[in-house]
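To keep things clear, I will list the structure first and then write my remarks on it.
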Amino acid sequence: MSETAAPAYGEALSSVIGWGLSIDFLVYNVYGFACYAIFNTAFFFSREIGDEYARRNDGHRNLVRFNDLFFSYHALALSLVTFSQSFWYKRSDTQSASSTVRVFFLVTFAGLIASLLFASPYATVYYLSFIKLGCSMVKYIPQVWINYRRKSTAGWSIHNILLDFTGGVLSFTQLFMDAFRLGTVGDVLGNPVKLGLGMASIGFDLVFMGQHYVWFAEDRRRYKDIESQLDVHNQSSEYGSTNNSDDEGTAA
């Protein structure tokens with residue numbers, strides 16, 4: 001690769017990487033998982049919330065398990081890490097969340113304040129779960145749009161989607177297995193958030209996999225070609241520098 005071609009490839013690669021991930025997606029993740037962690041904590045530890053659930057569901061206990069609690073806190077921690085990285089590795093000095101995210105946050109947060117003031121703790125906890133469900137329903141849309149607009153998924157990791165899809169399938173499976181084991185299949189609908197999260201995750205993950213492996217696969221291969229050519233150029237540059245050093249040492 002020529003010296004003039006290398007910067008062009010580098011610029012193309014950095015452009016692809018810099019615009020690959022939606023800032024809105026990161027904001028929705030942090031907000032949604034914070035709400036979901038509180039919801040799972042309340043249902044797992046609070047006797048008052050558990051008793052209220054049983055009273056409203058013919059004496060059946062809720063299906064929130066320790067793995068649900070662990071998942072929500074683990075997801076929140078990693079979402080915070082990823083979100084903080086967007087401040088350290090900015091794609092531009094003017095990057096910010098969209099007005100849609102801001103309106104969503106203000107409206108739902110105002111609803112949360114009203115719920116804390118006028119509703120029962122049980123209703124407030126359930127309201128938090130529906131905020132999470134709302135975040136999951138809309139958070140994927142900006143990323144789907146970015147991938148579609150760019151006709152590319154380069155600079156964005158498919159591995160997260162594959163893991164998310166696997167988790168959604170297993171979450172679905174656990175929910176139904178617990179209901180069958182307890183003989184209360186109707187309790188599946190008693191946890192609409194977990195059911196809705198599984199459906200949303202699986203549905204959008206299938207769209208992302210289609211974008212990555214089918215519709216925009218050609219651009220992904222072009223991106224890999226750019227990466228390989230940069231690697232070759234970097235190796236050639238290092239080899240050339242070594243030879244020059246050796247020549248200077250011999251001349252001395």
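If you're wondering about the labels, chains in the structure tokens are A, B, ... by order shown, residues count from 1 in each chain, ligands from 1 in order shown.
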Which residues of stretch 133-207 of chain A have any atom within 12 Å of an atom in stretch 85-98 of chain A when counting only C-alpha atoms, and what is the closest pair of atoms for each, with the distance in Å to one decimal? Order the rows by chain and rising number and write it as a Markdown table.
```
| residue | atom | partner | partner_atom | distance |
| --- | --- | --- | --- | --- |
| A:Lys139 | CA | A:Ser98 | CA | 11.7 |
| A:Pro142 | CA | A:Ser98 | CA | 9.6 |
| A:Gly155 | CA | A:Arg91 | CA | 11.8 |
```
### Query
Neighbours of A:Tyr126 within 12 Å (only C-alpha atoms; same-chain residues fewer than 6 positions away dropped), as a ChimeraX atom specification?
/A:35-43,49,52-53,112,115-116,119-120,132-133,190-194
### Message
Based on the backbone DSSP call, show me all residues of stretch 52-221 of chain A assigned helix (DSSP H, G or I), as a PyMOL selection string.
### Response
chain A and resi 52-56+66-88+99-118+121-150+159-182+185-188+192-215+217-221
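As for atom CA of A:Gly167 and atom CA of A:Ala54, they are spaced 27.3 Å apart.
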### Query
So which one's closest to A:Asn62, A:Phe44, A:Thr82, A:Cys135, A:Ser99? Using only C-alpha atoms, please.
A:Phe44
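For the residues A:Arg61, A:His159, A:His74, A:His212, ranking by smallest atom-to-atom distance to A:Asn147 using only C-alpha atoms places A:His212 first.
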### Summary
Correct to one decimal, the distance atom CA of A:Leu80-atom CA of A:Val30 is 6.1 Å
### Task
Do a neighbour search on A:Thr166 at 10 Å with only C-alpha atoms, toss out local chain neighbours closer than 5 positions, and write the hits as a list in words.
Asn160, Ile161, Ser171, Phe172, Ser201, Ile202 and Asp205 of chain A
Once you have the residues from the selection above, write them out as a PDB file, in the first residue's frame, restricted to N, CA, C and O atoms.
```
ATOM      1  N   ASN A 160     -22.561  -8.875  20.859  1.00  0.00           N
ATOM      2  CA  ASN A 160     -23.527  -8.471  21.881  1.00  0.00           C
ATOM      3  C   ASN A 160     -24.932  -8.932  21.513  1.00  0.00           C
ATOM      4  O   ASN A 160     -25.714  -9.357  22.373  1.00  0.00           O
ATOM      5  N   ILE A 161     -25.253  -8.869  20.216  1.00  0.00           N
ATOM      6  CA  ILE A 161     -26.579  -9.274  19.752  1.00  0.00           C
ATOM      7  C   ILE A 161     -26.748 -10.788  19.852  1.00  0.00           C
ATOM      8  O   ILE A 161     -27.813 -11.275  20.259  1.00  0.00           O
ATOM      9  N   SER A 171     -34.250 -16.860  28.705  1.00  0.00           N
ATOM     10  CA  SER A 171     -35.176 -16.197  29.631  1.00  0.00           C
ATOM     11  C   SER A 171     -36.606 -16.643  29.377  1.00  0.00           C
ATOM     12  O   SER A 171     -37.368 -16.927  30.313  1.00  0.00           O
ATOM     13  N   PHE A 172     -36.964 -16.708  28.103  1.00  0.00           N
ATOM     14  CA  PHE A 172     -38.275 -17.215  27.717  1.00  0.00           C
ATOM     15  C   PHE A 172     -38.481 -18.638  28.242  1.00  0.00           C
ATOM     16  O   PHE A 172     -39.513 -18.978  28.817  1.00  0.00           O
ATOM     17  N   SER A 201     -36.385  -8.491  22.645  1.00  0.00           N
ATOM     18  CA  SER A 201     -34.978  -8.818  22.385  1.00  0.00           C
ATOM     19  C   SER A 201     -34.848  -9.772  21.211  1.00  0.00           C
ATOM     20  O   SER A 201     -34.042  -9.542  20.296  1.00  0.00           O
ATOM     21  N   ILE A 202     -35.635 -10.827  21.226  1.00  0.00           N
ATOM     22  CA  ILE A 202     -35.539 -11.826  20.155  1.00  0.00           C
ATOM     23  C   ILE A 202     -35.924 -11.211  18.811  1.00  0.00           C
ATOM     24  O   ILE A 202     -35.256 -11.424  17.796  1.00  0.00           O
ATOM     25  N   ASP A 205     -33.200  -8.684  17.729  1.00  0.00           N
ATOM     26  CA  ASP A 205     -31.950  -9.402  17.460  1.00  0.00           C
ATOM     27  C   ASP A 205     -31.992 -10.101  16.108  1.00  0.00           C
ATOM     28  O   ASP A 205     -30.986 -10.159  15.393  1.00  0.00           O
TER      29      ASP A 205
END
```
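Between A:Val144 and the residues A:Phe70, A:Tyr28, A:Phe45, A:Phe204, the shortest atom-to-atom distance, using only C-alpha atoms, involves A:Phe204.
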